[in-house]
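Worksheet: one structure, shown below.
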Amino acid sequence: MTTAARWARAEWGRLYDTVRAGLTERRAGAVAMTLGAVCLTGVLHVAQQWPWGMRRVHDLGAVRAEDPLWLALLRTPLSLFVPAPDLPVWGALVQVLLVFGIAEVCLGRWRTLAVAYAATLAGTLYARVGIALGPGHPLGLPASDAHVVDTGPSAAVVGLAVVVALRYGARVTAGAVALAMVVEVLVKENLAGREHLAAIAAVLVLYALCGARRRCAPCGARRRCAPCGARRRCAPCGARQRPRSSGTGSGLPPSQSSSARRGRAQRRSWR
């Protein structure tokens, strides 16, 4: 195996195995939500091509910083799937299909939607804060950006890509996505690039707070909790990890639970 192949296996091996297993086991059912999102994005794009459709799509899913906050929050869920009318729709469809699909297999349907919504909402709220700060502040935005429609599915795509990459050990990929967004802001200063960075910051905080992790008792290393509770070895020290009590045991530490199982006379013999 070449060096490039070994690196690719180390970077994307876990992610590839998870996606392949999910698609093999459930086939199209593993990405049912993603297929629905792709269809919805395509329908909204077609509707935007007509005057009556554009007005209705904007009323339901177009978010601007100048809108009242309560109205922006109501429109944000649908804005995830409203593509920018001035950009090629095939790019948005491919992004949603690939990134949402991988995230749905790896994170699950509801976690994917939660991360996507958090990333989009972070961009929406940042636009308001940036305009309030003004162009003189490092994080500020010009007042003209209040009339610009938010990024649509791109912020959600960026946020999901970073979370999935971090969760499955593809840290170089996560760093590359973040670096690409920084370059976008430096090369082309616009609202979309700033909102992408806000989305990345939000999902990093969410990942740090909600990551299902616990410490290995023998070595203190962090490891992911086994969803099924099965006994697994800790990667750093190789110690067996016991599942949490499911309510069928005594609930006592091993030293006490073993003595609790002994009879009264046997416990007295130890005194």
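In the structure tokens, the first chain shown is A, the next is B, and so on; residue numbers restart at 1 for each chain, and ligands run from 1 in the order shown.
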Selection near stretch 69-77 of chain A, 12 Å with only C-alpha atoms, sequence-local residues under 3 positions removed, as a ChimeraX atom specification: /A:37,56-66,80-82,113-125,127-129,149-153,155-156
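Remark: for A:His196, the closest of the candidate residues A:Val164, A:Val158, A:Ala176, A:Val148 is A:Val158 (distances computed over only C-alpha atoms).
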Closest of A:Gly193, A:Gly36, A:Gly159, A:Gly53 to A:Arg109 - atom-to-atom distances counting only C-alpha atoms: A:Gly36
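Among A:Thr112, A:Ala4, A:Val94, A:Ala170, the residue with the shortest atom-to-atom distance to A:Thr41, counting only C-alpha atoms, is A:Val94.
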Members of stretch 133-193 of chain A assigned alpha helix (DSSP H) by DSSP, as a ChimeraX atom specification: /A:133,153-167,171-187,191-193
Residues within 8 Å of A:Val96, only C-alpha atoms, excluding chain neighbours under 4 positions, as an MDAnalysis selection string: chainID A and resid 34 37:38 92 100:101 153 157
